[in-house]
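What's in run.pdb: PDB, C-alpha atoms and all ligand atoms
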ATOM      1  CA  MET F   1      53.672  80.735  51.614  1.00  0.00           C
ATOM      2  CA  ALA F   2      50.573  79.755  53.577  1.00  0.00           C
ATOM      3  CA  LEU F   3      47.453  79.188  51.503  1.00  0.00           C
ATOM      4  CA  VAL F   4      45.644  82.019  53.261  1.00  0.00           C
ATOM      5  CA  ASP F   5      48.351  84.462  52.106  1.00  0.00           C
ATOM      6  CA  LYS F   6      47.772  83.490  48.452  1.00  0.00           C
ATOM      7  CA  LEU F   7      44.035  84.183  48.480  1.00  0.00           C
ATOM      8  CA  LYS F   8      42.933  87.516  47.053  1.00  0.00           C
ATOM      9  CA  GLN F   9      41.196  89.802  49.570  1.00  0.00           C
ATOM     10  CA  PRO F  10      39.006  92.852  48.916  1.00  0.00           C
ATOM     11  CA  GLN F  11      41.183  96.014  49.008  1.00  0.00           C
ATOM     12  CA  SER F  12      38.671  98.831  49.450  1.00  0.00           C
ATOM     13  CA  ASP F  13      38.944 100.189  53.023  1.00  0.00           C
ATOM     14  CA  TRP F  14      35.441 101.516  53.542  1.00  0.00           C
ATOM     15  CA  VAL F  15      35.595 100.831  57.301  1.00  0.00           C
ATOM     16  CA  SER F  16      38.311 103.400  58.165  1.00  0.00           C
ATOM     17  CA  LYS F  17      36.669 105.976  55.911  1.00  0.00           C
ATOM     18  CA  ALA F  18      33.264 105.455  57.538  1.00  0.00           C
ATOM     19  CA  ILE F  19      34.677 105.735  61.092  1.00  0.00           C
ATOM     20  CA  ASP F  20      36.750 108.833  60.283  1.00  0.00           C
ATOM     21  CA  SER F  21      33.794 110.449  58.572  1.00  0.00           C
ATOM     22  CA  HIS F  22      31.572 109.678  61.586  1.00  0.00           C
ATOM     23  CA  LEU F  23      34.093 111.205  64.015  1.00  0.00           C
ATOM     24  CA  ASP F  24      34.645 114.177  61.710  1.00  0.00           C
ATOM     25  CA  THR F  25      30.967 115.033  61.594  1.00  0.00           C
ATOM     26  CA  THR F  26      29.994 114.283  65.206  1.00  0.00           C
ATOM     27  CA  GLY F  27      33.068 115.032  67.309  1.00  0.00           C
ATOM     28  CA  ARG F  28      34.328 118.320  65.970  1.00  0.00           C
ATOM     29  CA  TRP F  29      34.588 121.694  67.652  1.00  0.00           C
ATOM     30  CA  LYS F  30      31.367 123.565  68.173  1.00  0.00           C
ATOM     31  CA  ALA F  31      31.221 127.334  68.762  1.00  0.00           C
ATOM     32  CA  TYR F  32      31.614 127.542  72.530  1.00  0.00           C
ATOM     33  CA  THR F  33      33.114 130.020  74.969  1.00  0.00           C
ATOM     34  CA  PRO F  34      33.535 128.521  78.458  1.00  0.00           C
ATOM     35  CA  LYS F  35      32.409 130.640  81.395  1.00  0.00           C
ATOM     36  CA  ASN F  36      34.899 129.036  83.749  1.00  0.00           C
ATOM     37  CA  PHE F  37      38.492 127.928  83.560  1.00  0.00           C
ATOM     38  CA  TRP F  38      38.840 124.182  83.331  1.00  0.00           C
ATOM     39  CA  ALA F  39      40.985 122.652  86.058  1.00  0.00           C
ATOM     40  CA  SER F  40      42.474 120.338  83.437  1.00  0.00           C
ATOM     41  CA  HIS F  41      43.773 123.366  81.505  1.00  0.00           C
ATOM     42  CA  ALA F  42      45.070 125.389  84.443  1.00  0.00           C
ATOM     43  CA  VAL F  43      48.686 124.423  83.862  1.00  0.00           C
ATOM     44  CA  LYS F  44      48.653 125.372  80.181  1.00  0.00           C
ATOM     45  CA  CYS F  45      50.239 128.390  78.534  1.00  0.00           C
ATOM     46  CA  PRO F  46      48.353 131.582  79.580  1.00  0.00           C
ATOM     47  CA  ARG F  47      47.951 132.577  75.948  1.00  0.00           C
ATOM     48  CA  ALA F  48      46.361 129.206  75.063  1.00  0.00           C
ATOM     49  CA  ILE F  49      43.959 129.570  78.010  1.00  0.00           C
ATOM     50  CA  PHE F  50      43.118 133.090  76.786  1.00  0.00           C
ATOM     51  CA  TYR F  51      42.276 131.703  73.330  1.00  0.00           C
ATOM     52  CA  LYS F  52      40.020 129.072  74.873  1.00  0.00           C
ATOM     53  CA  MET F  53      38.259 131.552  77.158  1.00  0.00           C
ATOM     54  CA  THR F  54      37.608 133.960  74.290  1.00  0.00           C
ATOM     55  CA  GLY F  55      36.097 131.306  72.011  1.00  0.00           C
ATOM     56  CA  VAL F  56      38.928 131.156  69.469  1.00  0.00           C
ATOM     57  CA  ARG F  57      38.573 128.039  67.366  1.00  0.00           C
ATOM     58  CA  ALA F  58      41.341 125.523  68.032  1.00  0.00           C
ATOM     59  CA  THR F  59      43.009 123.633  65.197  1.00  0.00           C
ATOM     60  CA  PRO F  60      40.914 120.474  64.680  1.00  0.00           C
ATOM     61  CA  VAL F  61      42.573 117.375  66.069  1.00  0.00           C
ATOM     62  CA  PRO F  62      43.022 114.347  63.778  1.00  0.00           C
ATOM     63  CA  THR F  63      40.543 111.509  64.181  1.00  0.00           C
ATOM     64  CA  TRP F  64      43.218 109.173  65.609  1.00  0.00           C
ATOM     65  CA  VAL F  65      43.710 111.645  68.497  1.00  0.00           C
ATOM     66  CA  MET F  66      39.955 111.596  69.061  1.00  0.00           C
ATOM     67  CA  ARG F  67      40.070 107.792  69.286  1.00  0.00           C
ATOM     68  CA  LEU F  68      42.910 108.017  71.818  1.00  0.00           C
ATOM     69  CA  GLY F  69      40.700 110.286  73.928  1.00  0.00           C
ATOM     70  CA  HIS F  70      37.880 107.753  73.736  1.00  0.00           C
ATOM     71  CA  ASN F  71      40.302 105.046  74.916  1.00  0.00           C
ATOM     72  CA  GLY F  72      41.082 107.257  77.920  1.00  0.00           C
ATOM     73  CA  THR F  73      37.371 107.507  78.731  1.00  0.00           C
ATOM     74  CA  ALA F  74      37.028 103.721  78.517  1.00  0.00           C
ATOM     75  CA  MET F  75      40.027 103.368  80.859  1.00  0.00           C
ATOM     76  CA  HIS F  76      38.222 105.526  83.441  1.00  0.00           C
ATOM     77  CA  THR F  77      35.165 103.287  83.270  1.00  0.00           C
ATOM     78  CA  ARG F  78      37.363 100.217  83.794  1.00  0.00           C
ATOM     79  CA  TYR F  79      39.128 101.625  86.872  1.00  0.00           C
ATOM     80  CA  ASN F  80      35.812 102.814  88.311  1.00  0.00           C
ATOM     81  CA  GLY F  81      34.764  99.173  88.010  1.00  0.00           C
ATOM     82  CA  TYR F  82      37.937  97.832  89.683  1.00  0.00           C
ATOM     83  CA  PHE F  83      37.621 100.164  92.683  1.00  0.00           C
ATOM     84  CA  SER F  84      33.874  99.664  92.897  1.00  0.00           C
ATOM     85  CA  LYS F  85      34.315  95.868  93.016  1.00  0.00           C
ATOM     86  CA  MET F  86      37.034  96.271  95.677  1.00  0.00           C
ATOM     87  CA  GLY F  87      34.478  98.237  97.724  1.00  0.00           C
ATOM     88  CA  LEU F  88      36.769 101.284  97.745  1.00  0.00           C
ATOM     89  CA  LEU F  89      35.059 103.672  95.327  1.00  0.00           C
ATOM     90  CA  VAL F  90      33.586 106.723  97.071  1.00  0.00           C
ATOM     91  CA  ALA F  91      32.705 108.761  93.973  1.00  0.00           C
ATOM     92  CA  ALA F  92      33.470 108.962  90.274  1.00  0.00           C
ATOM     93  CA  GLU F  93      33.533 112.062  88.091  1.00  0.00           C
ATOM     94  CA  LYS F  94      32.806 114.285  91.074  1.00  0.00           C
ATOM     95  CA  ARG F  95      32.552 117.964  90.189  1.00  0.00           C
ATOM     96  CA  PHE F  96      34.270 120.793  92.018  1.00  0.00           C
ATOM     97  CA  GLY F  97      34.735 124.489  91.428  1.00  0.00           C
ATOM     98  CA  CYS F  98      34.962 128.025  92.762  1.00  0.00           C
ATOM     99  CA  GLU F  99      34.027 131.561  91.738  1.00  0.00           C
ATOM    100  CA  ASP F 100      37.251 133.523  92.244  1.00  0.00           C
ATOM    101  CA  PRO F 101      38.789 132.760  89.856  1.00  0.00           C
ATOM    102  CA  PRO F 102      35.947 130.896  88.150  1.00  0.00           C
ATOM    103  CA  ILE F 103      37.047 127.253  87.896  1.00  0.00           C
ATOM    104  CA  SER F 104      35.173 124.074  87.009  1.00  0.00           C
ATOM    105  CA  GLY F 105      36.680 120.663  87.359  1.00  0.00           C
ATOM    106  CA  LYS F 106      35.926 117.006  87.723  1.00  0.00           C
ATOM    107  CA  VAL F 107      37.954 114.516  89.704  1.00  0.00           C
ATOM    108  CA  ASP F 108      38.231 111.098  88.057  1.00  0.00           C
ATOM    109  CA  MET F 109      37.636 109.182  91.296  1.00  0.00           C
ATOM    110  CA  ILE F 110      37.643 109.488  95.056  1.00  0.00           C
ATOM    111  CA  VAL F 111      38.638 106.222  96.717  1.00  0.00           C
ATOM    112  CA  ARG F 112      39.243 104.813 100.182  1.00  0.00           C
ATOM    113  CA  GLN F 113      42.393 103.039 101.261  1.00  0.00           C
ATOM    114  CA  PRO F 114      42.151  99.370 102.297  1.00  0.00           C
ATOM    115  CA  GLY F 115      42.858  98.968 105.995  1.00  0.00           C
ATOM    116  CA  ASN F 116      42.335 102.691 106.544  1.00  0.00           C
ATOM    117  CA  LEU F 117      38.822 103.316 105.288  1.00  0.00           C
ATOM    118  CA  ASP F 118      38.593 106.774 106.845  1.00  0.00           C
ATOM    119  CA  THR F 119      41.324 108.047 104.538  1.00  0.00           C
ATOM    120  CA  GLN F 120      40.110 109.222 101.152  1.00  0.00           C
ATOM    121  CA  TRP F 121      42.224 109.850  98.072  1.00  0.00           C
ATOM    122  CA  VAL F 122      41.711 112.048  95.037  1.00  0.00           C
ATOM    123  CA  VAL F 123      42.572 110.026  91.926  1.00  0.00           C
ATOM    124  CA  GLU F 124      43.644 111.174  88.484  1.00  0.00           C
ATOM    125  CA  LEU F 125      43.769 108.544  85.725  1.00  0.00           C
ATOM    126  CA  LYS F 126      45.952 108.863  82.648  1.00  0.00           C
ATOM    127  CA  SER F 127      46.910 106.560  79.803  1.00  0.00           C
ATOM    128  CA  TYR F 128      50.278 106.811  78.052  1.00  0.00           C
ATOM    129  CA  ASN F 129      52.099 104.814  75.419  1.00  0.00           C
ATOM    130  CA  SER F 130      54.815 102.469  76.646  1.00  0.00           C
ATOM    131  CA  TYR F 131      57.658 104.755  75.481  1.00  0.00           C
ATOM    132  CA  ALA F 132      56.311 107.617  77.625  1.00  0.00           C
ATOM    133  CA  MET F 133      55.685 105.175  80.484  1.00  0.00           C
ATOM    134  CA  LYS F 134      59.327 104.111  80.435  1.00  0.00           C
ATOM    135  CA  TYR F 135      60.552 107.638  81.233  1.00  0.00           C
ATOM    136  CA  LEU F 136      57.781 108.545  83.651  1.00  0.00           C
ATOM    137  CA  LYS F 137      59.368 109.192  87.061  1.00  0.00           C
ATOM    138  CA  ARG F 138      56.744 111.404  88.717  1.00  0.00           C
ATOM    139  CA  ALA F 139      53.273 112.818  88.120  1.00  0.00           C
ATOM    140  CA  LYS F 140      53.240 115.179  85.138  1.00  0.00           C
ATOM    141  CA  SER F 141      52.360 118.816  85.741  1.00  0.00           C
ATOM    142  CA  ASP F 142      48.854 118.586  84.199  1.00  0.00           C
ATOM    143  CA  ALA F 143      47.737 115.745  86.476  1.00  0.00           C
ATOM    144  CA  PHE F 144      49.604 117.204  89.458  1.00  0.00           C
ATOM    145  CA  THR F 145      47.779 120.539  89.031  1.00  0.00           C
ATOM    146  CA  GLN F 146      44.373 118.918  88.541  1.00  0.00           C
ATOM    147  CA  ALA F 147      44.898 116.895  91.709  1.00  0.00           C
ATOM    148  CA  GLN F 148      46.023 119.964  93.692  1.00  0.00           C
ATOM    149  CA  LEU F 149      42.967 121.983  92.592  1.00  0.00           C
ATOM    150  CA  ALA F 150      40.666 119.060  93.392  1.00  0.00           C
ATOM    151  CA  MET F 151      42.136 118.676  96.901  1.00  0.00           C
ATOM    152  CA  HIS F 152      41.818 122.430  97.425  1.00  0.00           C
ATOM    153  CA  LEU F 153      38.244 122.780  96.157  1.00  0.00           C
ATOM    154  CA  LEU F 154      36.479 119.522  97.000  1.00  0.00           C
ATOM    155  CA  GLU F 155      34.480 119.421 100.176  1.00  0.00           C
ATOM    156  CA  GLY F 156      35.752 117.067 102.856  1.00  0.00           C
ATOM    157  CA  ASP F 157      39.374 118.179 103.265  1.00  0.00           C
ATOM    158  CA  ILE F 158      40.935 115.391 101.211  1.00  0.00           C
ATOM    159  CA  ARG F 159      44.634 116.123 101.437  1.00  0.00           C
ATOM    160  CA  GLN F 160      46.186 113.224  99.522  1.00  0.00           C
ATOM    161  CA  ALA F 161      46.008 112.171  95.913  1.00  0.00           C
ATOM    162  CA  PHE F 162      47.548 109.786  93.435  1.00  0.00           C
ATOM    163  CA  VAL F 163      47.904 109.726  89.697  1.00  0.00           C
ATOM    164  CA  LEU F 164      47.593 106.304  88.112  1.00  0.00           C
ATOM    165  CA  TYR F 165      49.157 105.987  84.678  1.00  0.00           C
ATOM    166  CA  GLU F 166      48.387 102.938  82.555  1.00  0.00           C
ATOM    167  CA  GLY F 167      50.358 101.921  79.468  1.00  0.00           C
ATOM    168  CA  ARG F 168      48.012 101.900  76.507  1.00  0.00           C
ATOM    169  CA  ASP F 169      49.876  99.112  74.771  1.00  0.00           C
ATOM    170  CA  SER F 170      51.383  97.330  77.796  1.00  0.00           C
ATOM    171  CA  ALA F 171      48.706  97.729  80.541  1.00  0.00           C
ATOM    172  CA  GLU F 172      51.624  98.382  82.938  1.00  0.00           C
ATOM    173  CA  ILE F 173      50.642 100.752  85.756  1.00  0.00           C
ATOM    174  CA  LYS F 174      52.649 103.400  87.606  1.00  0.00           C
ATOM    175  CA  VAL F 175      51.224 105.242  90.601  1.00  0.00           C
ATOM    176  CA  PHE F 176      52.594 108.547  91.928  1.00  0.00           C
ATOM    177  CA  TYR F 177      51.411 109.901  95.270  1.00  0.00           C
ATOM    178  CA  ILE F 178      50.894 113.633  95.832  1.00  0.00           C
ATOM    179  CA  LYS F 179      50.486 115.726  98.983  1.00  0.00           C
ATOM    180  CA  TYR F 180      48.338 118.840  99.060  1.00  0.00           C
ATOM    181  CA  ASN F 181      50.442 121.975  98.634  1.00  0.00           C
ATOM    182  CA  LEU F 182      48.689 125.260  99.373  1.00  0.00           C
ATOM    183  CA  GLU F 183      51.581 127.390  98.074  1.00  0.00           C
ATOM    184  CA  TYR F 184      51.360 125.689  94.672  1.00  0.00           C
ATOM    185  CA  VAL F 185      47.577 126.147  94.578  1.00  0.00           C
ATOM    186  CA  LYS F 186      47.967 129.875  95.322  1.00  0.00           C
ATOM    187  CA  VAL F 187      50.343 130.250  92.359  1.00  0.00           C
ATOM    188  CA  ILE F 188      47.816 128.592  90.026  1.00  0.00           C
ATOM    189  CA  LEU F 189      44.906 130.674  91.346  1.00  0.00           C
ATOM    190  CA  ALA F 190      46.925 133.889  90.904  1.00  0.00           C
ATOM    191  CA  LYS F 191      47.810 132.884  87.331  1.00  0.00           C
ATOM    192  CA  LEU F 192      44.126 132.284  86.475  1.00  0.00           C
ATOM    193  CA  ARG F 193      43.091 135.607  88.033  1.00  0.00           C
ATOM    194  CA  ILE F 194      45.566 137.428  85.782  1.00  0.00           C
ATOM    195  CA  ILE F 195      44.211 135.605  82.703  1.00  0.00           C
ATOM    196  CA  LYS F 196      40.659 136.473  83.754  1.00  0.00           C
ATOM    197  CA  MET F 197      41.632 140.151  83.785  1.00  0.00           C
ATOM    198  CA  ALA F 198      43.229 139.731  80.347  1.00  0.00           C
ATOM    199  CA  VAL F 199      40.016 138.177  79.003  1.00  0.00           C
ATOM    200  CA  GLU F 200      37.934 141.016  80.434  1.00  0.00           C
ATOM    201  CA  THR F 201      40.157 143.689  78.903  1.00  0.00           C
ATOM    202  CA  GLY F 202      40.825 141.827  75.639  1.00  0.00           C
ATOM    203  CA  GLN F 203      44.582 142.057  76.255  1.00  0.00           C
ATOM    204  CA  ILE F 204      46.092 138.861  74.875  1.00  0.00           C
ATOM    205  CA  PRO F 205      48.981 137.545  77.029  1.00  0.00           C
ATOM    206  CA  ASP F 206      52.454 137.660  75.458  1.00  0.00           C
ATOM    207  CA  LYS F 207      53.924 134.466  74.115  1.00  0.00           C
ATOM    208  CA  PRO F 208      56.032 132.948  76.889  1.00  0.00           C
ATOM    209  CA  VAL F 209      58.506 131.498  74.349  1.00  0.00           C
ATOM    210  CA  ASN F 210      60.418 132.917  71.348  1.00  0.00           C
ATOM    211  CA  SER F 211      59.871 130.182  68.807  1.00  0.00           C
ATOM    212  CA  LYS F 212      57.005 128.002  67.669  1.00  0.00           C
ATOM    213  CA  GLY F 213      59.510 125.148  67.814  1.00  0.00           C
ATOM    214  CA  ALA F 214      59.505 125.425  71.623  1.00  0.00           C
ATOM    215  CA  LYS F 215      58.495 122.311  73.540  1.00  0.00           C
ATOM    216  CA  LEU F 216      55.598 124.242  75.107  1.00  0.00           C
ATOM    217  CA  CYS F 217      54.023 124.776  71.682  1.00  0.00           C
ATOM    218  CA  LYS F 218      54.510 121.270  70.296  1.00  0.00           C
ATOM    219  CA  TYR F 219      51.020 119.975  71.056  1.00  0.00           C
ATOM    220  CA  CYS F 220      49.224 123.318  71.469  1.00  0.00           C
ATOM    221  CA  ASP F 221      45.781 123.413  69.850  1.00  0.00           C
ATOM    222  CA  TYR F 222      46.262 127.109  69.013  1.00  0.00           C
ATOM    223  CA  LYS F 223      49.689 126.959  67.377  1.00  0.00           C
ATOM    224  CA  GLY F 224      48.375 128.097  63.990  1.00  0.00           C
ATOM    225  CA  GLN F 225      46.384 130.979  65.459  1.00  0.00           C
ATOM    226  CA  CYS F 226      49.247 132.032  67.728  1.00  0.00           C
ATOM    227  CA  TRP F 227      52.148 132.009  65.282  1.00  0.00           C
ATOM    228  CA  GLY F 228      50.190 132.584  62.045  1.00  0.00           C
TER
HETATM  229  S1  LIG F 301      51.490 128.114  70.430  1.00  0.00           S
HETATM  230 FE1  LIG F 301      52.850 128.230  72.201  1.00  0.00          FE
HETATM  231  S2  LIG F 301      52.870 130.376  72.834  1.00  0.00           S
HETATM  232 FE2  LIG F 301      51.127 130.082  71.458  1.00  0.00          FE
HETATM  233  S3  LIG F 301      49.379 129.673  72.782  1.00  0.00           S
HETATM  234 FE3  LIG F 301      50.231 127.719  72.228  1.00  0.00          FE
HETATM  235  S4  LIG F 301      51.695 127.201  73.811  1.00  0.00           S
HETATM  236 FE4  LIG F 301      51.243 129.390  74.006  1.00  0.00          FE
END

If you took the structure in this file and wrote it as structure tokens, what would it be?
Amino acid sequence: MALVDKLKQPQSDWVSKAIDSHLDTTGRWKAYTPKNFWASHAVKCPRAIFYKMTGVRATPVPTWVMRLGHNGTAMHTRYNGYFSKMGLLVAAEKRFGCEDPPISGKVDMIVRQPGNLDTQWVVELKSYNSYAMKYLKRAKSDAFTQAQLAMHLLEGDIRQAFVLYEGRDSAEIKVFYIKYNLEYVKVILAKLRIIKMAVETGQIPDKPVNSKGAKLCKYCDYKGQCWG
């Protein structure tokens, strides 16, 4: 056994406790009812969107999930830097929205293409673990929908997008290209208009699945409120 392994080390883990306590007290849910639908939520279950839009308190997420989210934010900053240094960054965190239905969104980046600087791209950035990366064959529906709404609502008629996934533990990247699809956008807008009416009348949408074990519900923030 190496000498270092024989030496006694302090056991009290005050560091994890302090960080968790900090995140618990500063990062938790605050009473808030959004005025607009969030583009990033548009693909979610209508009932979950209804809960959000009526100010129902979501189940608090564990602190490790909060740290994952912070890693995602740091990833955005890094890619902004890469594209900025390549001279291809047009905008970062650019807002978009509309009134009917009321939507607010933010596109992660708008970039130019090398050799074709007149062509701009909407960019969504996501980080996944390497297991999820292995089975990733196309853009997931959340990123696909965000990109479609951004292309539809941003000024400048940007009609192409890509989603860049980075492995959190491998730094591998996968890029999936997306074309604007007006028919898909119309379906999403119609869905949000129906939910808006439900919010106005207080009529909660039916559950779209029969069991809380359904895949749809696995990571839902409102599972407890929905199924009791
Ligand atoms: S628990 Fe399932 S059915 Fe209920 S709001 Fe969430 S996703 Fe929808």

Note to self: As a quick test: using only C-alpha atoms and all ligand atoms, which residues lie no more than 9 Å away from ligand LIG 301 (chain F)? Give them as JSON, numbers by chain.
What the structure shows: {"F": [44, 45, 46, 47, 48, 49, 50, 51, 205, 206, 207, 208, 209, 210, 211, 212, 213, 214, 215, 216, 217, 218, 219, 220, 221, 222, 223, 224, 225, 226, 227]}

Margin query: Measuring between all atoms listed in the file, which one of F:Ala161, F:Leu154, F:Met197, F:Val4 shows the shortest distance to Lys179 in chain F?
Written below: F:Ala161

Run through the PyMOL selection byres (((chain F and resi 113) around 12) and not hetatm) on the given coordinates and return the selected residues as a short mmCIF file (atom, residue, chain, number, x, y, z; two decimals) with C-alpha atoms, in the frame of the given file.
data_model
loop_
_atom_site.label_atom_id
_atom_site.label_comp_id
_atom_site.auth_asym_id
_atom_site.auth_seq_id
_atom_site.Cartn_x
_atom_site.Cartn_y
_atom_site.Cartn_z
CA PHE F 83 37.62 100.16 92.68
CA MET F 86 37.03 96.27 95.68
CA GLY F 87 34.48 98.24 97.72
CA LEU F 88 36.77 101.28 97.74
CA LEU F 89 35.06 103.67 95.33
CA VAL F 90 33.59 106.72 97.07
CA ILE F 110 37.64 109.49 95.06
CA VAL F 111 38.64 106.22 96.72
CA ARG F 112 39.24 104.81 100.18
CA PRO F 114 42.15 99.37 102.30
CA GLY F 115 42.86 98.97 106.00
CA ASN F 116 42.34 102.69 106.54
CA LEU F 117 38.82 103.32 105.29
CA ASP F 118 38.59 106.77 106.84
CA THR F 119 41.32 108.05 104.54
CA GLN F 120 40.11 109.22 101.15
CA TRP F 121 42.22 109.85 98.07
CA VAL F 122 41.71 112.05 95.04
CA VAL F 123 42.57 110.03 91.93
CA GLN F 160 46.19 113.22 99.52
CA ALA F 161 46.01 112.17 95.91
CA PHE F 162 47.55 109.79 93.44
#

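When all atoms listed in the file are used to compute distances to Gly97 in chain F, the closest of the residues F:His22, F:Lys35, F:Lys191, F:Lys8 turns out to be F:Lys35.
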
Box for range 12-21 of chain F: with edges along x, y and z, all listed atoms inside and 4 Å added on each side, what are the centre and edge lengths in Å to one decimal, as AutoDock Vina command-line options?
--center_x 36.1 --center_y 104.6 --center_z 55.3 --size_x 13.7 --size_y 19.6 --size_z 19.6

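Residue membership of the PyMOL selection byres (((chain F and resi 64) around 12) and not hetatm) in the shown file amounts to F:Ser16, F:Ile19, F:Asp20, F:Ser21, F:Leu23, F:Asp24, F:Gly27, F:Pro60, F:Val61, F:Pro62, F:Thr63, F:Val65, F:Met66, F:Arg67, F:Leu68, F:Gly69, F:His70, F:Asn71.
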
Next item on the list: Given the file shown, enumerate the residues that the PyMOL selection byres (((chain F and resi 185) around 10) and not hetatm) captures and present them as a VMD selection string.
Entry: chain F and resid 145 to 146 148 to 152 180 to 184 186 to 191

Keeping C-alpha atoms for every residue in the selection just given, could you write it to a file as a PDB file, keeping the file's coordinate frame?
ATOM      1  CA  THR F 145      47.779 120.539  89.031  1.00  0.00           C
ATOM      2  CA  GLN F 146      44.373 118.918  88.541  1.00  0.00           C
ATOM      3  CA  GLN F 148      46.023 119.964  93.692  1.00  0.00           C
ATOM      4  CA  LEU F 149      42.967 121.983  92.592  1.00  0.00           C
ATOM      5  CA  ALA F 150      40.666 119.060  93.392  1.00  0.00           C
ATOM      6  CA  MET F 151      42.136 118.676  96.901  1.00  0.00           C
ATOM      7  CA  HIS F 152      41.818 122.430  97.425  1.00  0.00           C
ATOM      8  CA  TYR F 180      48.338 118.840  99.060  1.00  0.00           C
ATOM      9  CA  ASN F 181      50.442 121.975  98.634  1.00  0.00           C
ATOM     10  CA  LEU F 182      48.689 125.260  99.373  1.00  0.00           C
ATOM     11  CA  GLU F 183      51.581 127.390  98.074  1.00  0.00           C
ATOM     12  CA  TYR F 184      51.360 125.689  94.672  1.00  0.00           C
ATOM     13  CA  LYS F 186      47.967 129.875  95.322  1.00  0.00           C
ATOM     14  CA  VAL F 187      50.343 130.250  92.359  1.00  0.00           C
ATOM     15  CA  ILE F 188      47.816 128.592  90.026  1.00  0.00           C
ATOM     16  CA  LEU F 189      44.906 130.674  91.346  1.00  0.00           C
ATOM     17  CA  ALA F 190      46.925 133.889  90.904  1.00  0.00           C
ATOM     18  CA  LYS F 191      47.810 132.884  87.331  1.00  0.00           C
TER      19      LYS F 191
END

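Going from CA of Ser127 in chain F over to CA of Met75 in chain F, you cover 7.7 Å.
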